[in-house]
$ cat my_file39.csv   # CSV, C-alpha atoms
chain,number,residue,atom,x,y,z
A,1,MET,CA,0.0,0.0,0.0
A,2,LEU,CA,1.4,3.4,-1.0
A,3,SER,CA,1.8,6.1,1.7
A,4,HIS,CA,0.8,9.7,1.1
A,5,ASN,CA,4.5,10.6,0.5
A,6,ASP,CA,4.9,7.8,-2.1
A,7,THR,CA,1.9,8.9,-4.2
A,8,TYR,CA,3.3,12.5,-4.3
A,9,GLU,CA,6.7,11.3,-5.3
A,10,MET,CA,5.2,9.4,-8.1
A,11,GLY,CA,3.7,12.5,-9.5
A,12,MET,CA,0.1,12.1,-8.5
A,13,HIS,CA,-2.1,14.9,-9.8
A,14,LEU,CA,-2.1,17.8,-7.5
A,15,ARG,CA,-5.2,20.0,-7.2
A,16,THR,CA,-6.7,22.4,-4.7
A,17,ILE,CA,-9.1,20.5,-2.4
A,18,PHE,CA,-11.7,22.4,-0.5
A,19,THR,CA,-13.1,20.6,2.6
A,20,GLY,CA,-16.4,22.5,2.4
A,21,ASP,CA,-15.7,24.1,5.8
A,22,GLN,CA,-15.2,27.8,6.5
A,23,ILE,CA,-13.4,29.5,9.5
A,24,GLN,CA,-14.1,33.2,10.1
A,25,GLY,CA,-15.3,33.4,6.5
A,26,ALA,CA,-12.2,31.9,5.0
A,27,PRO,CA,-12.6,28.6,3.1
A,28,VAL,CA,-10.7,25.6,4.4
A,29,ILE,CA,-8.4,23.7,2.0
A,30,SER,CA,-6.5,20.4,2.6
A,31,GLN,CA,-4.3,20.8,-0.5
A,32,LEU,CA,-3.2,23.7,-2.7
A,33,ASP,CA,-2.4,23.9,-6.4
A,34,VAL,CA,-2.0,27.6,-7.3
A,35,ASN,CA,-2.7,26.6,-11.0
A,36,ASP,CA,-6.3,26.1,-10.0
A,37,LEU,CA,-6.7,29.7,-8.9
A,38,GLU,CA,-8.0,32.5,-11.1
A,39,PRO,CA,-5.2,34.9,-12.0
A,40,GLY,CA,-5.1,38.5,-10.9
A,41,LYS,CA,-6.7,37.9,-7.5
A,42,LYS,CA,-5.7,37.6,-3.8
A,43,TYR,CA,-7.0,34.6,-1.8
A,44,ARG,CA,-7.3,33.8,1.9
A,45,PHE,CA,-7.5,30.2,3.1
A,46,PHE,CA,-7.2,28.1,6.3
A,47,PHE,CA,-5.0,25.1,5.5
A,48,GLN,CA,-6.0,21.9,7.3
A,49,GLY,CA,-3.0,20.6,9.2
A,50,VAL,CA,-2.6,17.6,11.5
A,51,GLN,CA,-5.3,16.5,13.9
A,52,MET,CA,-5.2,17.2,17.6
A,53,GLY,CA,-5.8,14.4,20.1
A,54,THR,CA,-9.5,15.3,20.1
A,55,GLY,CA,-9.7,14.7,16.3
A,56,GLN,CA,-10.0,18.3,15.4
A,57,HIS,CA,-7.4,20.0,13.3
A,58,TRP,CA,-4.8,22.6,13.6
A,59,TYR,CA,-5.4,25.2,10.8
A,60,VAL,CA,-2.7,27.4,9.2
A,61,PRO,CA,-3.5,30.8,7.6
A,62,VAL,CA,-2.5,31.1,4.0
A,63,VAL,CA,-2.7,34.1,1.7
A,64,VAL,CA,-2.1,33.7,-2.1
A,65,ALA,CA,-1.5,36.7,-4.4
A,66,LYS,CA,-1.8,35.2,-7.9
A,67,GLY,CA,-0.6,37.5,-10.6
A,68,ALA,CA,-2.4,38.3,-13.8
A,69,GLN,CA,0.6,36.9,-15.7
A,70,ASP,CA,2.7,33.8,-15.1
A,71,GLY,CA,6.0,34.0,-13.4
A,72,LYS,CA,8.0,32.8,-10.4
A,73,ARG,CA,6.2,31.4,-7.3
A,74,ILE,CA,7.7,32.7,-4.1
A,75,SER,CA,6.7,31.5,-0.6
A,76,LEU,CA,7.0,33.6,2.5
A,77,THR,CA,6.8,31.6,5.8
A,78,ALA,CA,6.4,33.2,9.2
A,79,GLY,CA,5.8,31.2,12.4
A,80,VAL,CA,7.8,27.9,12.2
A,81,HIS,CA,8.5,28.8,15.9
A,82,GLY,CA,5.7,30.1,18.1
A,83,ASP,CA,7.6,33.0,19.7
A,84,GLU,CA,8.6,34.6,16.3
A,85,LEU,CA,6.3,37.6,15.9
A,86,SER,CA,8.2,40.2,13.9
A,87,PRO,CA,8.2,37.8,10.9
A,88,VAL,CA,4.4,37.7,10.9
A,89,ASN,CA,4.2,41.5,10.7
A,90,ALA,CA,6.9,41.7,8.0
A,91,VAL,CA,5.1,39.1,5.8
A,92,GLN,CA,1.7,40.8,6.4
A,93,ARG,CA,3.2,44.1,5.2
A,94,ILE,CA,4.8,42.5,2.1
A,95,MET,CA,1.5,40.9,1.1
A,96,GLY,CA,-0.3,44.1,1.8
A,97,ASN,CA,1.9,45.9,-0.8
A,98,LEU,CA,1.0,43.5,-3.6
A,99,ASP,CA,-1.6,44.0,-6.3
A,100,PRO,CA,-2.2,40.7,-8.1
A,101,ALA,CA,-3.6,42.5,-11.1
A,102,LYS,CA,-0.1,44.0,-11.6
A,103,MET,CA,1.9,40.9,-10.8
A,104,SER,CA,3.7,38.3,-13.0
A,105,GLY,CA,3.9,35.4,-10.7
A,106,THR,CA,2.6,34.3,-7.3
A,107,ALA,CA,3.4,35.1,-3.7
A,108,ILE,CA,2.3,32.5,-1.1
A,109,ALA,CA,2.3,33.7,2.5
A,110,VAL,CA,2.0,31.0,5.2
A,111,TYR,CA,1.6,32.1,8.8
A,112,ASP,CA,1.7,30.4,12.2
A,113,LEU,CA,3.0,27.0,10.9
A,114,SER,CA,3.5,25.8,14.5
A,115,ARG,CA,0.0,26.7,15.6
A,116,PRO,CA,-0.1,25.3,19.1
A,117,ALA,CA,3.3,26.9,19.9
A,118,LYS,CA,2.0,30.2,18.5
A,119,GLU,CA,-1.1,30.1,20.8
A,120,TYR,CA,1.2,30.0,23.8
A,121,THR,CA,3.9,32.3,22.3
A,122,GLN,CA,6.5,29.6,23.0
A,123,ARG,CA,9.2,28.4,20.7
A,124,GLN,CA,8.4,24.7,20.4
A,125,TRP,CA,5.3,22.6,19.6
A,126,PRO,CA,3.9,21.0,22.8
A,127,VAL,CA,2.8,17.4,22.4
A,128,ALA,CA,0.8,15.3,24.9
A,129,GLN,CA,2.5,12.0,24.2
A,130,LYS,CA,4.4,10.2,27.0
A,131,GLY,CA,3.3,12.7,29.7
A,132,GLY,CA,4.1,15.8,27.6
A,133,SER,CA,7.1,17.1,25.8
A,134,VAL,CA,8.0,19.7,23.1
A,135,VAL,CA,9.2,19.3,19.5
A,136,ASP,CA,11.1,21.9,17.5
A,137,LEU,CA,9.1,22.1,14.2
A,138,ASN,CA,12.3,23.4,12.5
A,139,ARG,CA,14.0,20.0,13.1
A,140,VAL,CA,11.5,17.7,11.4
A,141,TRP,CA,11.2,18.9,7.8
A,142,PRO,CA,10.2,17.7,5.3
A,143,GLY,CA,8.2,15.7,7.8
A,144,ASP,CA,6.3,12.5,7.3
A,145,GLU,CA,2.5,12.2,7.0
A,146,MET,CA,2.8,8.8,8.7
A,147,GLY,CA,5.3,9.9,11.3
A,148,ASN,CA,5.5,9.1,15.0
A,149,ASP,CA,4.3,12.4,16.4
A,150,ALA,CA,1.9,15.2,15.4
A,151,PRO,CA,4.6,17.9,14.5
A,152,SER,CA,6.3,15.5,12.0
A,153,ARG,CA,3.0,14.6,10.4
A,154,HIS,CA,2.0,18.3,10.3
A,155,ALA,CA,5.3,19.2,8.5
A,156,GLY,CA,4.7,16.3,6.1
A,157,ILE,CA,1.2,17.5,5.3
A,158,LEU,CA,2.4,21.0,4.7
A,159,TRP,CA,5.4,20.0,2.7
A,160,ASN,CA,3.5,17.5,0.4
A,161,ARG,CA,0.2,19.4,0.0
A,162,LEU,CA,1.2,23.1,0.2
A,163,PHE,CA,4.9,23.8,-0.5
A,164,LYS,CA,6.5,21.1,-2.6
A,165,HIS,CA,4.7,21.7,-5.9
A,166,ASN,CA,3.8,25.4,-5.6
A,167,VAL,CA,7.2,27.1,-4.8
A,168,ASP,CA,10.1,28.2,-7.0
A,169,ILE,CA,11.8,30.5,-4.5
A,170,ALA,CA,11.5,30.4,-0.7
A,171,LEU,CA,11.9,33.1,2.0
A,172,ASP,CA,11.7,31.7,5.6
A,173,TYR,CA,11.5,34.3,8.4
A,174,HIS,CA,12.6,33.7,12.0
A,175,THR,CA,13.8,35.5,15.1
A,176,ALA,CA,16.1,34.6,18.0
A,177,SER,CA,14.6,32.4,20.7
A,178,THR,CA,13.0,33.7,23.8
A,179,GLY,CA,15.7,35.1,26.1
A,180,GLY,CA,17.9,36.1,23.3
A,181,ASP,CA,18.3,38.6,20.5
A,182,PHE,CA,19.7,38.7,16.9
A,183,THR,CA,21.0,41.3,14.5
A,184,MET,CA,19.1,41.6,11.3
A,185,PHE,CA,20.7,38.5,9.9
A,186,ILE,CA,20.5,36.0,7.0
A,187,PHE,CA,21.6,32.4,6.7
A,188,ALA,CA,22.4,31.5,3.1
A,189,ASP,CA,24.2,28.6,1.4
A,190,PHE,CA,26.7,30.4,-0.8
A,191,ARG,CA,27.5,27.1,-2.7
A,192,LYS,CA,24.5,28.1,-4.8
A,193,ALA,CA,25.1,31.3,-6.6
A,194,GLU,CA,21.4,32.1,-6.8
A,195,ILE,CA,21.0,31.8,-3.1
A,196,ARG,CA,23.8,34.2,-2.4
A,197,GLN,CA,22.3,36.6,-4.9
A,198,ILE,CA,18.9,36.5,-3.1
A,199,ALA,CA,20.6,37.1,0.3
A,200,GLU,CA,22.5,40.1,-1.1
A,201,LEU,CA,19.3,41.8,-2.1
A,202,PHE,CA,18.6,42.6,1.6
A,203,PRO,CA,19.9,45.8,3.2
A,204,ILE,CA,20.7,44.1,6.4
A,205,GLU,CA,23.4,43.9,9.1
A,206,GLN,CA,24.9,40.4,8.7
A,207,ILE,CA,24.9,37.5,6.4
A,208,LYS,CA,26.4,34.1,7.2
A,209,ASN,CA,27.5,31.6,4.5
A,210,ASP,CA,25.9,28.5,6.1
A,211,ALA,CA,25.2,25.0,4.8
A,212,GLY,CA,22.0,24.8,6.7
A,213,GLU,CA,20.7,22.7,9.6
A,214,SER,CA,19.3,19.2,9.1
A,215,GLY,CA,15.5,19.1,9.5
A,216,SER,CA,15.0,22.8,9.0
A,217,LEU,CA,12.5,24.1,6.5
A,218,GLU,CA,15.4,25.8,4.7
A,219,MET,CA,17.2,22.5,4.3
A,220,ALA,CA,14.0,20.8,2.9
A,221,PHE,CA,13.8,23.5,0.2
A,222,VAL,CA,17.6,23.2,-0.5
A,223,GLU,CA,17.3,19.4,-0.9
A,224,ALA,CA,14.3,19.9,-3.2
A,225,GLY,CA,16.4,22.2,-5.4
A,226,ILE,CA,14.5,25.3,-4.4
A,227,PRO,CA,16.6,28.4,-3.7
A,228,VAL,CA,15.9,29.6,-0.1
A,229,ILE,CA,17.3,31.8,2.6
A,230,THR,CA,16.5,32.1,6.3
A,231,ILE,CA,15.9,35.6,7.5
A,232,GLU,CA,16.3,36.4,11.2
A,233,VAL,CA,14.3,39.5,12.2
A,234,GLY,CA,15.8,40.3,15.5
A,235,ALA,CA,14.2,39.5,18.9
A,236,PRO,CA,11.3,37.2,19.7
A,237,ARG,CA,7.9,38.2,21.1
A,238,ILE,CA,7.9,41.8,19.8
A,239,PHE,CA,7.5,43.8,16.7
A,240,ASP,CA,10.9,45.4,15.9
A,241,ALA,CA,9.9,48.2,13.5
A,242,ARG,CA,13.5,48.9,12.3
A,243,LYS,CA,14.3,45.3,11.4
A,244,ILE,CA,10.8,44.6,10.0
A,245,ALA,CA,11.4,47.5,7.6
A,246,MET,CA,14.7,45.9,6.5
A,247,ALA,CA,13.0,42.6,6.0
A,248,VAL,CA,10.2,44.2,3.9
A,249,GLU,CA,12.6,46.2,1.8
A,250,GLY,CA,14.8,43.2,1.0
A,251,SER,CA,11.8,41.0,0.3
A,252,MET,CA,10.3,43.5,-2.1
A,253,ASN,CA,13.7,43.5,-3.9
A,254,VAL,CA,13.5,39.8,-4.3
A,255,LEU,CA,10.0,40.1,-5.9
A,256,LYS,CA,11.4,42.8,-8.2
A,257,HIS,CA,14.5,40.8,-9.0
A,258,TYR,CA,12.3,37.9,-10.2
A,259,LYS,CA,10.0,40.3,-12.1
A,260,VAL,CA,7.0,39.3,-10.0
A,261,ILE,CA,6.4,43.0,-9.5
A,262,ASN,CA,7.8,46.0,-11.3
A,263,GLY,CA,10.0,48.8,-9.9
A,264,PRO,CA,13.6,49.6,-9.3
A,265,ILE,CA,15.7,47.7,-6.8
A,266,ASP,CA,16.0,49.6,-3.5
A,267,ARG,CA,18.9,49.4,-1.0
A,268,THR,CA,20.8,46.1,-0.9
A,269,SER,CA,23.6,44.6,1.2
A,270,LYS,CA,26.0,46.8,-0.7
A,271,GLU,CA,24.4,50.0,0.3
A,272,ALA,CA,23.8,48.8,3.9
A,273,GLY,CA,27.5,47.8,4.4
A,274,THR,CA,26.5,44.2,5.4
A,275,PHE,CA,29.0,42.2,7.3
A,276,PHE,CA,29.7,38.7,5.8
A,277,GLY,CA,31.0,35.7,7.7
A,278,ASP,CA,31.1,32.0,7.5
A,279,MET,CA,31.7,30.9,11.2
A,280,PHE,CA,30.4,31.5,14.7
A,281,GLU,CA,32.4,31.6,17.8
A,282,THR,CA,29.9,30.6,20.5
A,283,ILE,CA,30.5,31.8,24.1
A,284,ARG,CA,28.7,29.9,26.9
A,285,SER,CA,28.4,30.4,30.6
A,286,THR,CA,31.0,28.4,32.6
A,287,THR,CA,29.1,29.0,35.9
A,288,GLY,CA,25.8,30.3,37.2
A,289,GLY,CA,25.4,34.0,37.8
A,290,TYR,CA,24.1,37.4,36.8
A,291,LEU,CA,25.2,38.3,33.3
A,292,GLU,CA,26.5,41.7,32.4
A,293,LEU,CA,27.2,42.3,28.7
A,294,LEU,CA,30.0,44.7,27.7
A,295,VAL,CA,29.1,44.7,24.0
A,296,ASP,CA,25.8,44.8,22.0
A,297,LEU,CA,24.5,43.4,18.8
A,298,ASN,CA,26.6,44.2,15.7
A,299,ASP,CA,29.5,45.6,17.7
A,300,LYS,CA,32.9,44.8,16.3
A,301,VAL,CA,35.2,42.7,18.5
A,302,THR,CA,38.8,41.7,18.5
A,303,PRO,CA,40.8,38.8,20.0
A,304,GLY,CA,41.2,39.1,23.8
A,305,GLN,CA,38.4,41.6,24.1
A,306,LYS,CA,36.3,41.2,27.3
A,307,VAL,CA,32.6,41.0,26.2
A,308,ALA,CA,30.8,39.9,29.4
A,309,ILE,CA,31.2,39.2,33.1
A,310,GLN,CA,29.1,37.3,35.6
A,311,ARG,CA,28.5,38.1,39.3
A,312,ASP,CA,27.1,35.9,42.0
A,313,SER,CA,24.4,36.9,44.4
A,314,PHE,CA,26.9,38.8,46.6
A,315,GLY,CA,28.1,40.9,43.7
A,316,ASP,CA,31.4,39.2,43.3
A,317,VAL,CA,32.7,38.5,39.8
A,318,VAL,CA,32.7,34.8,39.2
A,319,ALA,CA,33.5,34.6,35.5
A,320,GLU,CA,34.8,36.8,32.7
A,321,TYR,CA,34.3,36.1,29.0
A,322,THR,CA,36.6,37.1,26.1
A,323,VAL,CA,36.6,36.5,22.4
A,324,SER,CA,39.4,35.0,20.3
A,325,VAL,CA,38.4,36.2,16.8
A,326,ILE,CA,37.9,39.3,14.8
A,327,GLY,CA,34.2,39.7,14.0
A,328,LYS,CA,30.9,41.1,14.9
A,329,VAL,CA,28.4,40.3,17.6
A,330,ALA,CA,25.5,38.3,16.0
A,331,THR,CA,23.4,37.0,18.9
A,332,ILE,CA,23.3,37.9,22.6
A,333,ALA,CA,21.5,36.6,25.7
A,334,ARG,CA,18.8,39.1,27.0
A,335,ASP,CA,18.1,37.0,30.1
A,336,ALA,CA,20.3,38.4,32.8
A,337,LEU,CA,20.4,35.2,34.9
A,338,SER,CA,22.5,32.6,33.2
A,339,GLU,CA,22.9,28.9,34.1
A,340,PRO,CA,26.1,27.0,33.3
A,341,GLY,CA,26.2,26.1,29.6
A,342,SER,CA,23.8,28.8,28.5
A,343,ARG,CA,24.7,30.8,25.4
A,344,VAL,CA,26.1,34.2,26.2
A,345,MET,CA,26.6,35.4,22.6
A,346,GLN,CA,27.8,34.4,19.2
A,347,ILE,CA,30.4,36.2,17.2
A,348,LEU,CA,30.1,36.0,13.4
A,349,TYR,CA,33.5,36.0,11.7
A,350,ASN,CA,35.2,35.1,8.4
A,351,SER,CA,37.4,32.0,8.6
A,352,THR,CA,39.4,33.1,5.6
A,353,GLU,CA,40.7,36.1,7.5
A,354,LEU,CA,43.4,36.0,10.2
A,355,ASN,CA,41.9,34.6,13.4
A,356,PHE,CA,43.2,32.8,16.4
A,357,LYS,CA,40.6,30.1,16.7
A,358,THR,CA,38.3,27.9,14.6
A,359,GLY,CA,34.7,28.7,15.4
A,360,THR,CA,31.7,26.4,15.6
A,361,THR,CA,29.2,25.7,12.9
A,362,HIS,CA,25.5,26.2,13.6
A,363,GLN,CA,24.6,23.9,16.5
A,364,PRO,CA,21.3,22.1,17.2
A,365,GLY,CA,19.2,24.2,19.5
A,366,ASP,CA,20.7,27.5,18.2
A,367,ASP,CA,18.4,30.0,16.6
A,368,TYR,CA,17.5,29.0,13.0
$ encode --input "my_file39.csv" --output "structure tokens"
Amino acid sequence: MLSHNDTYEMGMHLRTIFTGDQIQGAPVISQLDVNDLEPGKKYRFFFQGVQMGTGQHWYVPVVVAKGAQDGKRISLTAGVHGDELSPVNAVQRIMGNLDPAKMSGTAIAVYDLSRPAKEYTQRQWPVAQKGGSVVDLNRVWPGDEMGNDAPSRHAGILWNRLFKHNVDIALDYHTASTGGDFTMFIFADFRKAEIRQIAELFPIEQIKNDAGESGSLEMAFVEAGIPVITIEVGAPRIFDARKIAMAVEGSMNVLKHYKVINGPIDRTSKEAGTFFGDMFETIRSTTGGYLELLVDLNDKVTPGQKVAIQRDSFGDVVAEYTVSVIGKVATIARDALSEPGSRVMQILYNSTELNFKTGTTHQPGDDY
């Protein structure tokens, strides 16, 4: 017997399937084929995801702006993690700028992919199995419709029935995790020239040449041959107006670059003086204590520079932290109380330049 995944791999006809239900006036679909939609219009759907334990479903909001003329199909995803809110605002603004009657191509916005995590404004998907646990939805892509937990099945449903056959270019928006903060930052795999080109269309602070993290949505697109970048829009749980504006400007540049919309390219990484690197030096707490940062996001640092100290409850200094590379601060901890092993900050640097230490690649559990 063929699984859902098998039938899709064999090229089973894809079509848009309406369940017949409506939520808040929006029709519910369980499968999308943008070819079925009338050109020159904007559509709102709720996409039927995985079932809950009660048998009801988690529903994912989808907006499709289908141009009057054919062209590239670009996806914009916000909410793979539940505490990522600036990405939602950024994608809402991008879609609000689009007039399908003047477009050549399609923009597909997918919000709140990790619905139960979003409802609690927490990073990971809570599951009830085995007394309760959490799953990082950005470590299970492309998922499996017959997988062993709800998040894996949810990812499989979205990948097979929403993304896989409808996307030519992908923009995946994130933030730092709760308790941390990020520069305006992009992860991009420079081994693909087109991916680097997309990343450089953004007027942002930092870009990391990064091969990607296994199980991430970015990696699923890469492995499917779809150019993609991961865009980090600063801190979680807030709307960061400055960084949202940079995300919108860069995203509109991407739409212009692929001729989905008309207009001149605005500021890019060249005008913004973006800092490029390919490695992180990750600094972690060696002890418990109250953390005092001596640098901030995007500050330049040099080998031997003291960047943070920790004090105990009596106010005595119990640890001091220095860097060993030339680079810029990419991520920092915003939580002042730091347990042993907690990440204090990450320094982005270029391994081809003179440095005193080999940094670490992106580690599981880091922001992505």
$ closest_residue --input "my_file39.csv" --among "A:Asp83, A:Glu213, A:Asp99, A:Asp168" --to "A:Arg139" --atoms "only C-alpha atoms"
A:Glu213
$ atom_distance --input "my_file39.csv" --atom1 "atom CA of A:Asp278" --atom2 "atom CA of A:Met219"
17.1 Å
$ closest_residue --input "my_file39.csv" --among "A:Ile17, A:Met52, A:Val63, A:Ala308" --to "A:Val127" --atoms "only C-alpha atoms"
A:Met52
$ closest_residue --input "my_file39.csv" --among "A:Ile265, A:Ala224, A:Ala272, A:Ala176" --to "A:Ala330" --atoms "all atoms listed in the file"
A:Ala176
$ closest_residue --input "my_file39.csv" --among "A:Ile157, A:Ala336, A:Ala65, A:Met246" --to "A:Lys42" --atoms "only C-alpha atoms"
A:Ala65
$ residues_around --input "my_file39.csv" --residues "A:Arg334" --least-positions-apart "2" --cutoff "8 Å" --atoms "all atoms listed in the file" --output "list in words"
Gly179, Gly180, Asp181, Ile332 and Ala336 of chain A
$ write_last_selection --input "my_file39.csv" --atoms "C-alpha atoms" --output "compact mmCIF listing (two decimals), in the frame of the given file"
# COMPACT_ATOMS: atom_id res chain seq x y z
CA GLY A 179 15.70 35.10 26.10
CA GLY A 180 17.90 36.10 23.30
CA ASP A 181 18.30 38.60 20.50
CA ILE A 332 23.30 37.90 22.60
CA ALA A 336 20.30 38.40 32.80
$ atom_distance --input "my_file39.csv" --atom1 "atom CA of A:Tyr59" --atom2 "atom CA of A:Arg115"
7.4 Å
$ residues_around --input "my_file39.csv" --residues "stretch 256-263 of chain A" --least-positions-apart "5" --cutoff "12 Å" --atoms "only C-alpha atoms" --output "PyMOL selection string"
chain A and resi 65-74+94-95+97-107+168-169+194+197-202+249-251+268
$ write_last_selection --input "my_file39.csv" --atoms "C-alpha atoms" --output "PDB file, keeping the file's coordinate frame"
ATOM      1  CA  ALA A  65      -1.500  36.700  -4.400  1.00  0.00           C
ATOM      2  CA  LYS A  66      -1.800  35.200  -7.900  1.00  0.00           C
ATOM      3  CA  GLY A  67      -0.600  37.500 -10.600  1.00  0.00           C
ATOM      4  CA  ALA A  68      -2.400  38.300 -13.800  1.00  0.00           C
ATOM      5  CA  GLN A  69       0.600  36.900 -15.700  1.00  0.00           C
ATOM      6  CA  ASP A  70       2.700  33.800 -15.100  1.00  0.00           C
ATOM      7  CA  GLY A  71       6.000  34.000 -13.400  1.00  0.00           C
ATOM      8  CA  LYS A  72       8.000  32.800 -10.400  1.00  0.00           C
ATOM      9  CA  ARG A  73       6.200  31.400  -7.300  1.00  0.00           C
ATOM     10  CA  ILE A  74       7.700  32.700  -4.100  1.00  0.00           C
ATOM     11  CA  ILE A  94       4.800  42.500   2.100  1.00  0.00           C
ATOM     12  CA  MET A  95       1.500  40.900   1.100  1.00  0.00           C
ATOM     13  CA  ASN A  97       1.900  45.900  -0.800  1.00  0.00           C
ATOM     14  CA  LEU A  98       1.000  43.500  -3.600  1.00  0.00           C
ATOM     15  CA  ASP A  99      -1.600  44.000  -6.300  1.00  0.00           C
ATOM     16  CA  PRO A 100      -2.200  40.700  -8.100  1.00  0.00           C
ATOM     17  CA  ALA A 101      -3.600  42.500 -11.100  1.00  0.00           C
ATOM     18  CA  LYS A 102      -0.100  44.000 -11.600  1.00  0.00           C
ATOM     19  CA  MET A 103       1.900  40.900 -10.800  1.00  0.00           C
ATOM     20  CA  SER A 104       3.700  38.300 -13.000  1.00  0.00           C
ATOM     21  CA  GLY A 105       3.900  35.400 -10.700  1.00  0.00           C
ATOM     22  CA  THR A 106       2.600  34.300  -7.300  1.00  0.00           C
ATOM     23  CA  ALA A 107       3.400  35.100  -3.700  1.00  0.00           C
ATOM     24  CA  ASP A 168      10.100  28.200  -7.000  1.00  0.00           C
ATOM     25  CA  ILE A 169      11.800  30.500  -4.500  1.00  0.00           C
ATOM     26  CA  GLU A 194      21.400  32.100  -6.800  1.00  0.00           C
ATOM     27  CA  GLN A 197      22.300  36.600  -4.900  1.00  0.00           C
ATOM     28  CA  ILE A 198      18.900  36.500  -3.100  1.00  0.00           C
ATOM     29  CA  ALA A 199      20.600  37.100   0.300  1.00  0.00           C
ATOM     30  CA  GLU A 200      22.500  40.100  -1.100  1.00  0.00           C
ATOM     31  CA  LEU A 201      19.300  41.800  -2.100  1.00  0.00           C
ATOM     32  CA  PHE A 202      18.600  42.600   1.600  1.00  0.00           C
ATOM     33  CA  GLU A 249      12.600  46.200   1.800  1.00  0.00           C
ATOM     34  CA  GLY A 250      14.800  43.200   1.000  1.00  0.00           C
ATOM     35  CA  SER A 251      11.800  41.000   0.300  1.00  0.00           C
ATOM     36  CA  THR A 268      20.800  46.100  -0.900  1.00  0.00           C
TER      37      THR A 268
END
$ atom_distance --input "my_file39.csv" --atom1 "atom CA of A:Gly147" --atom2 "atom CA of A:Asp33"
23.8 Å
$ residues_around --input "my_file39.csv" --residues "A:Lys300" --least-positions-apart "6" --cutoff "10 Å" --atoms "all atoms listed in the file" --output "short mmCIF file (atom, residue, chain, number, x, y, z; two decimals) with C-alpha atoms, in the coordinates of the input"
data_model
loop_
_atom_site.label_atom_id
_atom_site.label_comp_id
_atom_site.auth_asym_id
_atom_site.auth_seq_id
_atom_site.Cartn_x
_atom_site.Cartn_y
_atom_site.Cartn_z
CA ILE A 326 37.90 39.30 14.80
CA GLY A 327 34.20 39.70 14.00
CA LYS A 328 30.90 41.10 14.90
CA VAL A 329 28.40 40.30 17.60
CA ALA A 330 25.50 38.30 16.00
CA ILE A 347 30.40 36.20 17.20
CA LEU A 348 30.10 36.00 13.40
CA TYR A 349 33.50 36.00 11.70
#
$ closest_residue --input "my_file39.csv" --among "A:Thr302, A:Ser152, A:Thr178, A:Ser214" --to "A:Pro236" --atoms "all atoms listed in the file"
A:Thr178
$ residues_near_point --input "my_file39.csv" --point "(3.8, 22.5, 0.0)" --cutoff "12 Å" --atoms "only C-alpha atoms" --output "VMD selection string"
chain A and resid 5 8 14 to 16 30 to 34 47 49 62 73 to 77 108 to 110 113 141 to 143 154 to 168 170 217 220 to 221 224 226
